[in-house]
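**Student:** Below is the file start12.pdb, which contains PDB, C-alpha atoms and all ligand atoms.
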```
ATOM      1  CA  MET P   1     180.611 424.711 119.485
ATOM      2  CA  ASN P   2     179.935 423.657 115.965
ATOM      3  CA  GLN P   3     181.293 420.211 115.271
ATOM      4  CA  LEU P   4     183.541 419.922 112.242
ATOM      5  CA  ILE P   5     183.070 416.911 110.003
ATOM      6  CA  VAL P   6     186.099 417.720 107.850
ATOM      7  CA  LYS P   7     188.994 419.855 109.006
ATOM      8  CA  THR P   8     192.314 420.271 107.285
ATOM      9  CA  LYS P   9     195.210 422.319 108.586
ATOM     10  CA  ASN P  10     198.252 423.455 106.611
ATOM     11  CA  LEU P  11     197.637 420.805 104.033
ATOM     12  CA  ASN P  12     200.303 420.689 101.315
ATOM     13  CA  PHE P  13     200.628 418.618  98.215
ATOM     14  CA  SER P  14     202.640 418.773  94.988
ATOM     15  CA  TYR P  15     202.413 416.444  92.031
ATOM     16  CA  THR P  16     205.808 417.627  90.805
ATOM     17  CA  LYS P  17     208.808 419.352  92.357
ATOM     18  CA  THR P  18     208.280 422.529  90.354
ATOM     19  CA  ARG P  19     205.110 423.827  91.997
ATOM     20  CA  LYS P  20     202.752 423.516  94.939
ATOM     21  CA  ASP P  21     199.360 422.228  93.890
ATOM     22  CA  ILE P  22     197.850 422.525  97.378
ATOM     23  CA  GLU P  23     199.350 425.097  99.706
ATOM     24  CA  ASP P  24     198.689 425.436 103.443
ATOM     25  CA  LEU P  25     195.053 424.636 102.922
ATOM     26  CA  GLY P  26     192.762 425.025 105.924
ATOM     27  CA  LEU P  27     189.280 423.766 105.307
ATOM     28  CA  GLU P  28     186.431 423.507 107.818
ATOM     29  CA  VAL P  29     183.174 421.736 107.064
ATOM     30  CA  PRO P  30     180.616 422.083 109.886
ATOM     31  CA  LYS P  31     178.311 419.199 110.725
ATOM     32  CA  GLY P  32     174.997 419.455 108.922
ATOM     33  CA  SER P  33     176.235 421.970 106.370
ATOM     34  CA  ILE P  34     176.179 421.928 102.599
ATOM     35  CA  TYR P  35     179.710 423.088 101.951
ATOM     36  CA  GLY P  36     180.506 424.410  98.497
ATOM     37  CA  PHE P  37     184.126 424.073  97.457
ATOM     38  CA  LEU P  38     184.476 426.632  94.733
ATOM     39  CA  GLY P  39     187.366 427.229  92.373
ATOM     40  CA  PRO P  40     188.232 427.668  88.709
ATOM     41  CA  ASN P  41     189.536 424.772  86.600
ATOM     42  CA  GLY P  42     192.823 423.404  87.858
ATOM     43  CA  SER P  43     192.629 425.205  91.213
ATOM     44  CA  GLY P  44     192.990 422.000  93.226
ATOM     45  CA  LYS P  45     189.436 420.903  94.102
ATOM     46  CA  SER P  46     189.760 417.281  93.018
ATOM     47  CA  THR P  47     193.237 417.030  94.521
ATOM     48  CA  THR P  48     191.905 418.272  97.873
ATOM     49  CA  ILE P  49     189.061 415.753  97.724
ATOM     50  CA  ARG P  50     191.533 412.944  97.034
ATOM     51  CA  LEU P  51     193.645 414.090  99.980
ATOM     52  CA  ILE P  52     190.596 414.153 102.266
ATOM     53  CA  LEU P  53     189.651 410.647 101.207
ATOM     54  CA  GLY P  54     193.219 409.407 101.508
ATOM     55  CA  LEU P  55     193.354 408.490  97.811
ATOM     56  CA  LEU P  56     196.441 410.710  97.613
ATOM     57  CA  LYS P  57     198.991 410.833 100.378
ATOM     58  CA  LYS P  58     199.370 414.278 101.938
ATOM     59  CA  GLN P  59     202.922 415.600 102.077
ATOM     60  CA  SER P  60     202.435 417.711 105.183
ATOM     61  CA  GLY P  61     199.632 419.050 107.355
ATOM     62  CA  ASN P  62     196.620 417.469 109.027
ATOM     63  CA  VAL P  63     193.290 416.036 107.982
ATOM     64  CA  SER P  64     190.626 415.322 110.602
ATOM     65  CA  LEU P  65     187.366 413.603 109.843
ATOM     66  CA  PHE P  66     184.512 413.371 112.342
ATOM     67  CA  ASN P  67     186.740 415.126 114.902
ATOM     68  CA  LYS P  68     189.445 412.474 114.683
ATOM     69  CA  GLU P  69     192.742 412.666 112.906
ATOM     70  CA  HIS P  70     192.568 410.774 109.636
ATOM     71  CA  THR P  71     195.352 408.203 109.782
ATOM     72  CA  ALA P  72     195.996 404.810 108.270
ATOM     73  CA  LYS P  73     194.364 403.379 111.411
ATOM     74  CA  THR P  74     191.129 405.373 111.331
ATOM     75  CA  ARG P  75     190.892 405.396 107.545
ATOM     76  CA  LEU P  76     188.587 402.410 107.081
ATOM     77  CA  GLU P  77     186.341 403.379 109.962
ATOM     78  CA  ASN P  78     186.077 406.897 108.513
ATOM     79  CA  LEU P  79     185.479 405.755 104.955
ATOM     80  CA  ASP P  80     182.523 403.713 106.174
ATOM     81  CA  LYS P  81     180.821 406.983 107.112
ATOM     82  CA  ILE P  82     181.560 408.708 103.810
ATOM     83  CA  GLY P  83     179.848 408.389 100.467
ATOM     84  CA  ALA P  84     181.759 409.829  97.544
ATOM     85  CA  LEU P  85     180.935 410.522  93.953
ATOM     86  CA  ILE P  86     184.088 411.522  92.131
ATOM     87  CA  GLU P  87     184.530 411.694  88.395
ATOM     88  CA  ASN P  88     182.084 409.497  86.517
ATOM     89  CA  PRO P  89     180.407 406.787  88.541
ATOM     90  CA  SER P  90     181.485 403.306  87.465
ATOM     91  CA  LEU P  91     178.248 401.705  86.343
ATOM     92  CA  TYR P  92     177.468 398.688  84.181
ATOM     93  CA  GLY P  93     175.424 399.767  81.188
ATOM     94  CA  HIS P  94     174.042 396.322  80.391
ATOM     95  CA  LEU P  95     172.617 395.960  83.897
ATOM     96  CA  ASN P  96     169.674 397.743  85.470
ATOM     97  CA  ALA P  97     169.809 400.061  88.493
ATOM     98  CA  VAL P  98     168.961 397.388  91.072
ATOM     99  CA  GLU P  99     171.619 395.053  89.667
ATOM    100  CA  ASN P 100     174.209 397.831  89.706
ATOM    101  CA  LEU P 101     173.370 398.664  93.308
ATOM    102  CA  LYS P 102     173.567 394.976  94.302
ATOM    103  CA  ILE P 103     177.096 394.782  92.894
ATOM    104  CA  ALA P 104     178.099 397.941  94.752
ATOM    105  CA  ALA P 105     176.454 396.567  97.938
ATOM    106  CA  ASN P 106     178.664 393.470  97.734
ATOM    107  CA  TYR P 107     181.688 395.605  98.545
ATOM    108  CA  ARG P 108     180.166 396.715 101.827
ATOM    109  CA  ASN P 109     178.760 394.975 104.862
ATOM    110  CA  GLY P 110     175.138 394.374 105.635
ATOM    111  CA  ILE P 111     173.331 396.271 102.899
ATOM    112  CA  SER P 112     169.823 394.906 102.448
ATOM    113  CA  LEU P 113     167.581 394.871  99.414
ATOM    114  CA  GLU P 114     165.382 397.200 101.431
ATOM    115  CA  ARG P 115     168.203 399.755 101.583
ATOM    116  CA  ILE P 116     168.725 399.414  97.834
ATOM    117  CA  ASN P 117     165.095 400.309  97.283
ATOM    118  CA  GLU P 118     165.375 403.151  99.769
ATOM    119  CA  VAL P 119     168.315 404.791  97.985
ATOM    120  CA  LEU P 120     166.503 404.446  94.668
ATOM    121  CA  GLU P 121     163.577 406.241  96.250
ATOM    122  CA  ILE P 122     165.843 409.001  97.603
ATOM    123  CA  VAL P 123     167.382 409.687  94.183
ATOM    124  CA  LYS P 124     163.971 409.366  92.520
ATOM    125  CA  LEU P 125     164.804 406.444  90.262
ATOM    126  CA  THR P 126     162.255 403.922  91.531
ATOM    127  CA  HIS P 127     160.281 404.253  88.312
ATOM    128  CA  ALA P 128     163.353 403.304  86.252
ATOM    129  CA  LYS P 129     164.910 400.716  88.510
ATOM    130  CA  LYS P 130     164.475 397.850  86.052
ATOM    131  CA  LYS P 131     165.707 399.810  83.082
ATOM    132  CA  LYS P 132     169.168 399.106  81.668
ATOM    133  CA  VAL P 133     171.578 401.831  82.678
ATOM    134  CA  LYS P 134     172.820 402.342  79.110
ATOM    135  CA  ALA P 135     169.360 403.735  78.390
ATOM    136  CA  TYR P 136     169.662 406.260  81.218
ATOM    137  CA  SER P 137     170.216 409.971  80.604
ATOM    138  CA  LEU P 138     173.405 411.478  82.008
ATOM    139  CA  GLY P 139     171.406 413.016  84.846
ATOM    140  CA  MET P 140     169.906 409.630  85.753
ATOM    141  CA  LYS P 141     173.351 408.004  85.689
ATOM    142  CA  GLN P 142     174.647 410.711  87.975
ATOM    143  CA  ARG P 143     171.726 410.139  90.361
ATOM    144  CA  LEU P 144     172.386 406.406  90.327
ATOM    145  CA  GLY P 145     176.022 407.196  91.134
ATOM    146  CA  LEU P 146     174.766 409.214  94.074
ATOM    147  CA  ALA P 147     172.548 406.282  95.109
ATOM    148  CA  VAL P 148     175.646 404.038  95.189
ATOM    149  CA  SER P 149     177.377 406.500  97.497
ATOM    150  CA  LEU P 150     174.335 406.534  99.810
ATOM    151  CA  LEU P 151     174.130 402.758 100.298
ATOM    152  CA  SER P 152     175.907 402.702 103.643
ATOM    153  CA  ASN P 153     173.856 405.632 104.941
ATOM    154  CA  PRO P 154     176.880 407.957 105.177
ATOM    155  CA  GLU P 155     177.153 410.934 107.517
ATOM    156  CA  LEU P 156     179.167 412.802 104.913
ATOM    157  CA  VAL P 157     178.690 412.814 101.160
ATOM    158  CA  ILE P 158     181.460 414.185  98.941
ATOM    159  CA  LEU P 159     180.498 415.136  95.407
ATOM    160  CA  ASP P 160     183.107 416.313  92.902
ATOM    161  CA  GLU P 161     181.344 418.602  90.393
ATOM    162  CA  PRO P 162     178.143 416.525  90.342
ATOM    163  CA  THR P 163     176.382 418.795  87.884
ATOM    164  CA  ASN P 164     179.171 418.844  85.294
ATOM    165  CA  GLY P 165     177.786 418.129  81.846
ATOM    166  CA  LEU P 166     174.155 418.014  82.968
ATOM    167  CA  ASP P 167     171.447 419.968  81.188
ATOM    168  CA  PRO P 168     169.467 422.611  83.146
ATOM    169  CA  LYS P 169     166.781 420.101  84.148
ATOM    170  CA  GLY P 170     169.422 417.639  85.354
ATOM    171  CA  ILE P 171     171.153 420.401  87.305
ATOM    172  CA  ILE P 172     167.934 421.396  89.083
ATOM    173  CA  GLU P 173     167.133 417.759  89.915
ATOM    174  CA  MET P 174     170.599 417.229  91.400
ATOM    175  CA  ARG P 175     170.375 420.486  93.358
ATOM    176  CA  THR P 176     166.963 419.523  94.787
ATOM    177  CA  LEU P 177     168.261 416.093  95.753
ATOM    178  CA  ILE P 178     171.261 417.507  97.567
ATOM    179  CA  LYS P 179     169.066 419.852  99.585
ATOM    180  CA  GLU P 180     166.583 417.086 100.450
ATOM    181  CA  LEU P 181     169.354 414.780 101.535
ATOM    182  CA  ASN P 182     170.674 417.460 103.817
ATOM    183  CA  GLU P 183     167.321 418.511 105.230
ATOM    184  CA  GLN P 184     165.641 415.129 105.636
ATOM    185  CA  TYR P 185     168.580 413.010 106.749
ATOM    186  CA  GLY P 186     170.929 415.634 108.201
ATOM    187  CA  THR P 187     173.677 414.461 105.878
ATOM    188  CA  THR P 188     176.648 416.806 105.683
ATOM    189  CA  ILE P 189     177.428 417.508 102.044
ATOM    190  CA  PHE P 190     180.700 418.615 100.518
ATOM    191  CA  ILE P 191     180.290 419.621  96.913
ATOM    192  CA  SER P 192     182.817 421.099  94.489
ATOM    193  CA  SER P 193     181.984 423.416  91.642
ATOM    194  CA  HIS P 194     183.515 426.090  89.436
ATOM    195  CA  LEU P 195     180.262 428.054  89.340
ATOM    196  CA  LEU P 196     179.519 430.669  91.947
ATOM    197  CA  SER P 197     175.829 430.774  91.037
ATOM    198  CA  GLU P 198     175.508 427.042  91.659
ATOM    199  CA  ILE P 199     177.077 427.269  95.107
ATOM    200  CA  GLU P 200     174.959 430.281  96.055
ATOM    201  CA  LYS P 201     171.780 428.392  95.228
ATOM    202  CA  THR P 202     172.631 425.189  97.029
ATOM    203  CA  CYS P 203     175.097 425.714  99.840
ATOM    204  CA  THR P 204     175.143 427.034 103.380
ATOM    205  CA  HIS P 205     178.941 427.387 103.534
ATOM    206  CA  VAL P 206     181.614 428.139 100.988
ATOM    207  CA  GLY P 207     185.361 427.818 100.578
ATOM    208  CA  ILE P 208     187.035 429.448  97.610
ATOM    209  CA  ILE P 209     190.256 427.963  96.307
ATOM    210  CA  ARG P 210     192.618 429.277  93.662
ATOM    211  CA  ASP P 211     196.092 428.032  92.764
ATOM    212  CA  GLY P 212     195.859 425.560  95.617
ATOM    213  CA  LYS P 213     195.267 428.241  98.249
ATOM    214  CA  MET P 214     192.101 428.910 100.229
ATOM    215  CA  LEU P 215     191.188 432.525  99.551
ATOM    216  CA  TYR P 216     187.905 432.799 101.375
ATOM    217  CA  GLN P 217     185.886 430.628 103.707
ATOM    218  CA  ASP P 218     182.636 431.578 105.391
ATOM    219  CA  THR P 219     178.887 431.128 105.287
ATOM    220  CA  VAL P 220     177.150 431.782 101.964
ATOM    221  CA  LYS P 221     175.241 434.568 103.694
ATOM    222  CA  ALA P 222     178.514 436.337 104.555
ATOM    223  CA  LEU P 223     179.803 435.708 101.031
ATOM    224  CA  LYS P 224     176.803 437.461  99.519
ATOM    225  CA  GLN P 225     177.452 440.472 101.726
ATOM    226  CA  SER P 226     181.174 440.622 101.003
ATOM    227  CA  LYS P 227     180.595 440.426  97.248
ATOM    228  CA  GLY P 228     179.374 443.989  97.252
ATOM    229  CA  LYS P 229     182.469 445.161  99.104
ATOM    230  CA  LYS P 230     185.041 447.394  97.558
ATOM    231  CA  MET P 231     188.592 446.478  96.648
ATOM    232  CA  MET P 232     191.487 447.595  98.783
ATOM    233  CA  VAL P 233     194.472 448.912  96.849
ATOM    234  CA  ASP P 234     197.940 449.740  98.172
ATOM    235  CA  LEU P 235     199.847 452.532  96.435
ATOM    236  CA  GLU P 236     203.544 453.210  96.757
ATOM    237  CA  VAL P 237     204.358 456.848  95.994
ATOM    238  CA  ASP P 238     207.257 459.250  96.379
ATOM    239  CA  LYS P 239     205.533 462.442  97.549
ATOM    240  CA  PHE P 240     203.433 461.050 100.286
ATOM    241  CA  ILE P 241     201.787 464.247 101.598
ATOM    242  CA  ASP P 242     201.013 465.502  98.086
ATOM    243  CA  ALA P 243     199.496 462.156  97.237
ATOM    244  CA  MET P 244     197.200 462.272 100.254
ATOM    245  CA  THR P 245     196.015 465.721  99.165
ATOM    246  CA  VAL P 246     195.244 464.505  95.649
ATOM    247  CA  LEU P 247     193.302 461.555  97.031
ATOM    248  CA  GLU P 248     191.307 463.829  99.289
ATOM    249  CA  GLU P 249     190.447 466.018  96.314
ATOM    250  CA  LEU P 250     189.178 462.886  94.580
ATOM    251  CA  ASN P 251     187.126 462.099  97.678
ATOM    252  CA  LYS P 252     188.950 458.842  98.036
ATOM    253  CA  GLU P 253     188.847 457.302 101.454
ATOM    254  CA  ASN P 254     192.491 456.692 102.323
ATOM    255  CA  THR P 255     194.722 455.445 105.089
ATOM    256  CA  SER P 256     198.467 455.832 105.362
ATOM    257  CA  LEU P 257     200.211 452.597 106.024
ATOM    258  CA  THR P 258     203.836 453.751 106.138
ATOM    259  CA  ASP P 259     205.618 456.801 104.782
ATOM    260  CA  GLU P 260     205.518 455.379 101.289
ATOM    261  CA  PHE P 261     202.340 453.336 101.212
ATOM    262  CA  ILE P 262     198.768 454.524 101.124
ATOM    263  CA  GLN P 263     195.779 452.251 101.114
ATOM    264  CA  ILE P 264     192.660 453.295  99.263
ATOM    265  CA  GLU P 265     189.273 451.783  98.555
ATOM    266  CA  VAL P 266     188.030 451.569  94.993
ATOM    267  CA  GLU P 267     184.802 450.269  93.513
ATOM    268  CA  SER P 268     186.328 448.866  90.337
ATOM    269  CA  LYS P 269     189.577 448.495  88.450
ATOM    270  CA  THR P 270     188.847 451.472  86.194
ATOM    271  CA  GLU P 271     188.868 453.682  89.255
ATOM    272  CA  ILE P 272     192.504 452.724  89.818
ATOM    273  CA  THR P 273     193.419 454.341  86.480
ATOM    274  CA  THR P 274     191.639 457.553  87.505
ATOM    275  CA  VAL P 275     193.652 457.661  90.709
ATOM    276  CA  ILE P 276     196.983 457.019  88.948
ATOM    277  CA  ASP P 277     196.231 459.685  86.320
ATOM    278  CA  ALA P 278     195.447 462.251  89.019
ATOM    279  CA  LEU P 279     198.659 461.442  90.907
ATOM    280  CA  ARG P 280     200.791 461.549  87.750
ATOM    281  CA  ALA P 281     199.223 464.895  86.757
ATOM    282  CA  LYS P 282     200.714 466.321  89.980
ATOM    283  CA  ASN P 283     204.071 464.757  89.158
ATOM    284  CA  ILE P 284     203.808 462.218  91.912
ATOM    285  CA  ALA P 285     205.664 458.997  91.098
ATOM    286  CA  VAL P 286     203.663 455.804  91.535
ATOM    287  CA  TYR P 287     206.010 452.880  92.067
ATOM    288  CA  GLN P 288     203.556 450.162  92.933
ATOM    289  CA  VAL P 289     199.851 449.443  92.830
ATOM    290  CA  SER P 290     198.724 446.228  94.479
ATOM    291  CA  ILE P 291     195.194 445.031  94.835
ATOM    292  CA  LYS P 292     194.693 443.538  98.271
ATOM    293  CA  ASN P 293     191.212 442.148  98.434
ATOM    294  CA  ASN P 294     190.632 440.928  94.968
ATOM    295  CA  LEU P 295     187.572 438.805  95.510
ATOM    296  CA  GLU P 296     185.841 440.798  92.802
ATOM    297  CA  GLU P 297     188.029 439.450  90.010
ATOM    298  CA  LEU P 298     187.811 435.998  91.503
ATOM    299  CA  PHE P 299     184.025 436.108  91.527
ATOM    300  CA  LEU P 300     184.026 437.177  87.894
ATOM    301  CA  SER P 301     186.172 434.218  86.891
ATOM    302  CA  LEU P 302     183.810 431.960  88.808
ATOM    303  CA  THR P 303     180.663 433.288  87.224
ATOM    304  CA  GLU P 304     181.677 432.600  83.642
ATOM    305  CA  ASN P 305     180.113 429.449  82.346
TER
HETATM  306  N1  LIG P 401     197.861 413.369  88.193
HETATM  307  C1  LIG P 401     198.383 414.595  88.113
HETATM  308  N2  LIG P 401     199.697 414.789  87.826
HETATM  309  C2  LIG P 401     200.229 416.027  87.758
HETATM  310  N3  LIG P 401     199.532 417.171  87.942
HETATM  311  C3  LIG P 401     198.225 417.049  88.226
HETATM  312  C4  LIG P 401     197.571 415.764  88.327
HETATM  313  N4  LIG P 401     196.276 415.963  88.611
HETATM  314  C5  LIG P 401     196.107 417.301  88.705
HETATM  315  N5  LIG P 401     197.265 417.962  88.475
HETATM  316  C6  LIG P 401     197.464 419.428  88.523
HETATM  317  O1  LIG P 401     197.151 419.870  89.825
HETATM  318  C7  LIG P 401     196.426 421.106  89.781
HETATM  319  C8  LIG P 401     195.086 420.941  90.465
HETATM  320  O2  LIG P 401     194.296 420.030  89.716
HETATM  321  P1  LIG P 401     192.859 419.536  90.181
HETATM  322  O3  LIG P 401     192.454 418.451  89.267
HETATM  323  O4  LIG P 401     192.882 419.225  91.635
HETATM  324  O5  LIG P 401     191.987 420.846  89.938
HETATM  325  P2  LIG P 401     190.391 421.021  89.933
HETATM  326  O6  LIG P 401     190.120 422.248  90.731
HETATM  327  O7  LIG P 401     189.738 419.765  90.339
HETATM  328  O8  LIG P 401     190.105 421.353  88.406
HETATM  329  P3  LIG P 401     188.823 421.014  87.483
HETATM  330  O9  LIG P 401     187.812 422.088  87.736
HETATM  331  O10 LIG P 401     189.385 421.101  86.108
HETATM  332  O11 LIG P 401     188.327 419.648  87.834
HETATM  333  C9  LIG P 401     196.328 421.475  88.302
HETATM  334  O12 LIG P 401     197.369 422.360  88.013
HETATM  335  C10 LIG P 401     196.531 420.160  87.596
HETATM  336  O13 LIG P 401     197.104 420.362  86.334
HETATM  337 MG    MG P 402     188.368 418.489  89.373
END
```
Show how you would write the structure in this file as structure tokens.
Ligand SMILES: Nc1ncnc2c1ncn2[C@@H]1O[C@H](COP(=O)(O)OP(=O)(O)OP(=O)(O)O)[C@@H](O)[C@H]1O
Ligand SMILES: [Mg+2]
**Tutor:**
Amino acid sequence: MNQLIVKTKNLNFSYTKTRKDIEDLGLEVPKGSIYGFLGPNGSGKSTTIRLILGLLKKQSGNVSLFNKEHTAKTRLENLDKIGALIENPSLYGHLNAVENLKIAANYRNGISLERINEVLEIVKLTHAKKKKVKAYSLGMKQRLGLAVSLLSNPELVILDEPTNGLDPKGIIEMRTLIKELNEQYGTTIFISSHLLSEIEKTCTHVGIIRDGKMLYQDTVKALKQSKGKKMMVDLEVDKFIDAMTVLEELNKENTSLTDEFIQIEVESKTEITTVIDALRAKNIAVYQVSIKNNLEELFLSLTEN
């Protein structure tokens, strides 16, 4: 059985009484994976990350880390095995990379100068280790932030939109680093993004969140296959038999659900209009049209830059 490094079950959280910001979220990050947590702006990625790390207190549900329930008791032990880079890394501009890492190392136990040099090597900043951080590019700062999170040699690294604001070169460097970290050290990586293309290039697994709900979770391989799939649409009509005949004339694959509902497959939204027009032309009332598997629209919103 595949070991899960992060597992949440029925996780719920609201910032205010008026809405649910995270709703019944079930998330499963297998050991050794690069898990892409994908969702448009405001969908709840950062909130979920804060809940996983215990920076926000969950209101109901479960979080397990390293196969153990994440509680106040296990929290410190768990956090020792996690490196996180959320929002902008807090770095001192007037100090160089080694000095910044030494300060960060002071907060943890037993981090040697050797390890500091190692993490600089991993994030490819050895050449700039004596340079003041205020002279770093954004990409270099982000890599130094990653180096800080790697100091304690974590089993799990959590990165909240690590490529945000980086130029194409910076994005490629970060992507390469993430893959190397995973391949060479077996580190499990949890990375959030609002770009489908980014996740497809980097990750082995994906979870798609919108409005605080997990809409899809699988391997990236399965995601690529399901992207080509058609949409399922439920129609509520009055003259059921007549409607089935019209759909057959249109060569539309259809299944009756009940005496009022018919489910059809369409390739795109425009095809829905064609179907409605054909039904209306035969005087069949259409009371409801609901799109069931609307990954298509979701993917579109995730592809926009
Ligand atoms: N401190 C807060 N107080 C109240 N509401 C908040 C707070 N932080 C986030 N929210 C709301 O919770 C929802 C989820 O926000 P969150 O920051 O988790 O989304 P996100 O997926 O990380 O978005 P982004 O891509 O913009 O970083 C949004 O509706 C947001 O407005
Ligand atoms: Mg966020």
**Student:** Could you tell me, as a PyMOL selection string, exactly which residues end up selected when the PyMOL selection byres (((chain P and resi 57) around 12) and not hetatm) is applied to this structure?
**Tutor:** chain P and resi 11-15+47-56+58-63+70-72
**Student:** Quick one: distance from atom CA of Ala97 of chain P to atom CA of Val133 of chain P in Å, one decimal?
**Tutor:**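 We find that atom CA of Ala97 of chain P and atom CA of Val133 of chain P lie 6.3 Å from each other.
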**Student:** Once the PyMOL selection byres (((chain P and resi 209-224) around 7) and not hetatm) has been evaluated on this model, what residues remain selected, and can you format them as an MDAnalysis selection string?
**Tutor:** chainID P and resid 21:26 38:40 43:44 200 203:208 225:227
**Student:** Do you know which residues the PyMOL selection byres (((chain P and resi 240) around 12) and not hetatm) returns on this file, as a PDB file with C-alpha atoms, in the frame of the given file?
**Tutor:**
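Result saved to part_33.pdb:
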```
ATOM      1  CA  LEU P 235     199.847 452.532  96.435  1.00  0.00           C
ATOM      2  CA  GLU P 236     203.544 453.210  96.757  1.00  0.00           C
ATOM      3  CA  VAL P 237     204.358 456.848  95.994  1.00  0.00           C
ATOM      4  CA  ASP P 238     207.257 459.250  96.379  1.00  0.00           C
ATOM      5  CA  LYS P 239     205.533 462.442  97.549  1.00  0.00           C
ATOM      6  CA  ILE P 241     201.787 464.247 101.598  1.00  0.00           C
ATOM      7  CA  ASP P 242     201.013 465.502  98.086  1.00  0.00           C
ATOM      8  CA  ALA P 243     199.496 462.156  97.237  1.00  0.00           C
ATOM      9  CA  MET P 244     197.200 462.272 100.254  1.00  0.00           C
ATOM     10  CA  THR P 245     196.015 465.721  99.165  1.00  0.00           C
ATOM     11  CA  VAL P 246     195.244 464.505  95.649  1.00  0.00           C
ATOM     12  CA  LEU P 247     193.302 461.555  97.031  1.00  0.00           C
ATOM     13  CA  ASN P 254     192.491 456.692 102.323  1.00  0.00           C
ATOM     14  CA  THR P 255     194.722 455.445 105.089  1.00  0.00           C
ATOM     15  CA  SER P 256     198.467 455.832 105.362  1.00  0.00           C
ATOM     16  CA  LEU P 257     200.211 452.597 106.024  1.00  0.00           C
ATOM     17  CA  THR P 258     203.836 453.751 106.138  1.00  0.00           C
ATOM     18  CA  ASP P 259     205.618 456.801 104.782  1.00  0.00           C
ATOM     19  CA  GLU P 260     205.518 455.379 101.289  1.00  0.00           C
ATOM     20  CA  PHE P 261     202.340 453.336 101.212  1.00  0.00           C
ATOM     21  CA  ILE P 262     198.768 454.524 101.124  1.00  0.00           C
ATOM     22  CA  GLN P 263     195.779 452.251 101.114  1.00  0.00           C
ATOM     23  CA  LEU P 279     198.659 461.442  90.907  1.00  0.00           C
ATOM     24  CA  LYS P 282     200.714 466.321  89.980  1.00  0.00           C
ATOM     25  CA  ASN P 283     204.071 464.757  89.158  1.00  0.00           C
ATOM     26  CA  ILE P 284     203.808 462.218  91.912  1.00  0.00           C
ATOM     27  CA  ALA P 285     205.664 458.997  91.098  1.00  0.00           C
ATOM     28  CA  VAL P 286     203.663 455.804  91.535  1.00  0.00           C
ATOM     29  CA  TYR P 287     206.010 452.880  92.067  1.00  0.00           C
TER      30      TYR P 287
END
```
**Student:** Just checking: using only C-alpha atoms, which residue out of P:Lys81, P:His194, P:Lys230, P:Lys201 ends up closest to Gly42 of chain P?
**Tutor:**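 Looking at the shortest contact to Gly42 of chain P, the residue is P:His194.
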**Student:** Considering only C-alpha atoms, return as a ChimeraX atom specification whatever protein or nucleic-acid residues lie within 7 Å of Leu159 of chain P, sequence-local ones (same chain, fewer than 6 positions apart) excluded.
**Tutor:** /P:84-86,190-192
**Student:** Closest to ligand MG 402 (chain P) among P:Asp160, P:Glu69, P:Asp167, P:Glu249, using only C-alpha atoms and all ligand atoms?
**Tutor:**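 Ranking P:Asp160, P:Glu69, P:Asp167, P:Glu249 by distance to ligand MG 402 (chain P), first place goes to P:Asp160.
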**Student:** Mind completing segment 243-251 of chain P with N, CA, C and O atoms? Output as a JSON list (two decimals), in the frame of the given file, please?
**Tutor:**
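Result file result_18.json:
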```json
[["chain", "number", "residue", "atom", "x", "y", "z"],
["P", 243, "ALA", "N", 200.39, 463.23, 97.69],
["P", 243, "ALA", "CA", 199.50, 462.16, 97.24],
["P", 243, "ALA", "C", 198.22, 462.12, 98.07],
["P", 243, "ALA", "O", 197.11, 461.98, 97.53],
["P", 244, "MET", "N", 198.37, 462.27, 99.37],
["P", 244, "MET", "CA", 197.20, 462.27, 100.25],
["P", 244, "MET", "C", 196.25, 463.41, 99.88],
["P", 244, "MET", "O", 195.03, 463.24, 99.88],
["P", 245, "THR", "N", 196.84, 464.57, 99.54],
["P", 245, "THR", "CA", 196.02, 465.72, 99.16],
["P", 245, "THR", "C", 195.23, 465.42, 97.89],
["P", 245, "THR", "O", 194.02, 465.69, 97.82],
["P", 246, "VAL", "N", 195.93, 464.85, 96.91],
["P", 246, "VAL", "CA", 195.24, 464.50, 95.65],
["P", 246, "VAL", "C", 194.09, 463.54, 95.91],
["P", 246, "VAL", "O", 192.98, 463.71, 95.39],
["P", 247, "LEU", "N", 194.34, 462.56, 96.74],
["P", 247, "LEU", "CA", 193.30, 461.56, 97.03],
["P", 247, "LEU", "C", 192.11, 462.20, 97.73],
["P", 247, "LEU", "O", 190.96, 461.85, 97.47],
["P", 248, "GLU", "N", 192.40, 463.15, 98.60],
["P", 248, "GLU", "CA", 191.31, 463.83, 99.29],
["P", 248, "GLU", "C", 190.47, 464.65, 98.31],
["P", 248, "GLU", "O", 189.25, 464.68, 98.40],
["P", 249, "GLU", "N", 191.18, 465.26, 97.35],
["P", 249, "GLU", "CA", 190.45, 466.02, 96.31],
["P", 249, "GLU", "C", 189.54, 465.10, 95.49],
["P", 249, "GLU", "O", 188.49, 465.49, 95.02],
["P", 250, "LEU", "N", 189.98, 463.87, 95.33],
["P", 250, "LEU", "CA", 189.18, 462.89, 94.58],
["P", 250, "LEU", "C", 188.09, 462.26, 95.45],
["P", 250, "LEU", "O", 187.36, 461.37, 95.01],
["P", 251, "ASN", "N", 188.05, 462.70, 96.71],
["P", 251, "ASN", "CA", 187.13, 462.10, 97.68],
["P", 251, "ASN", "C", 187.35, 460.62, 97.89],
["P", 251, "ASN", "O", 186.42, 459.84, 98.08]]
```
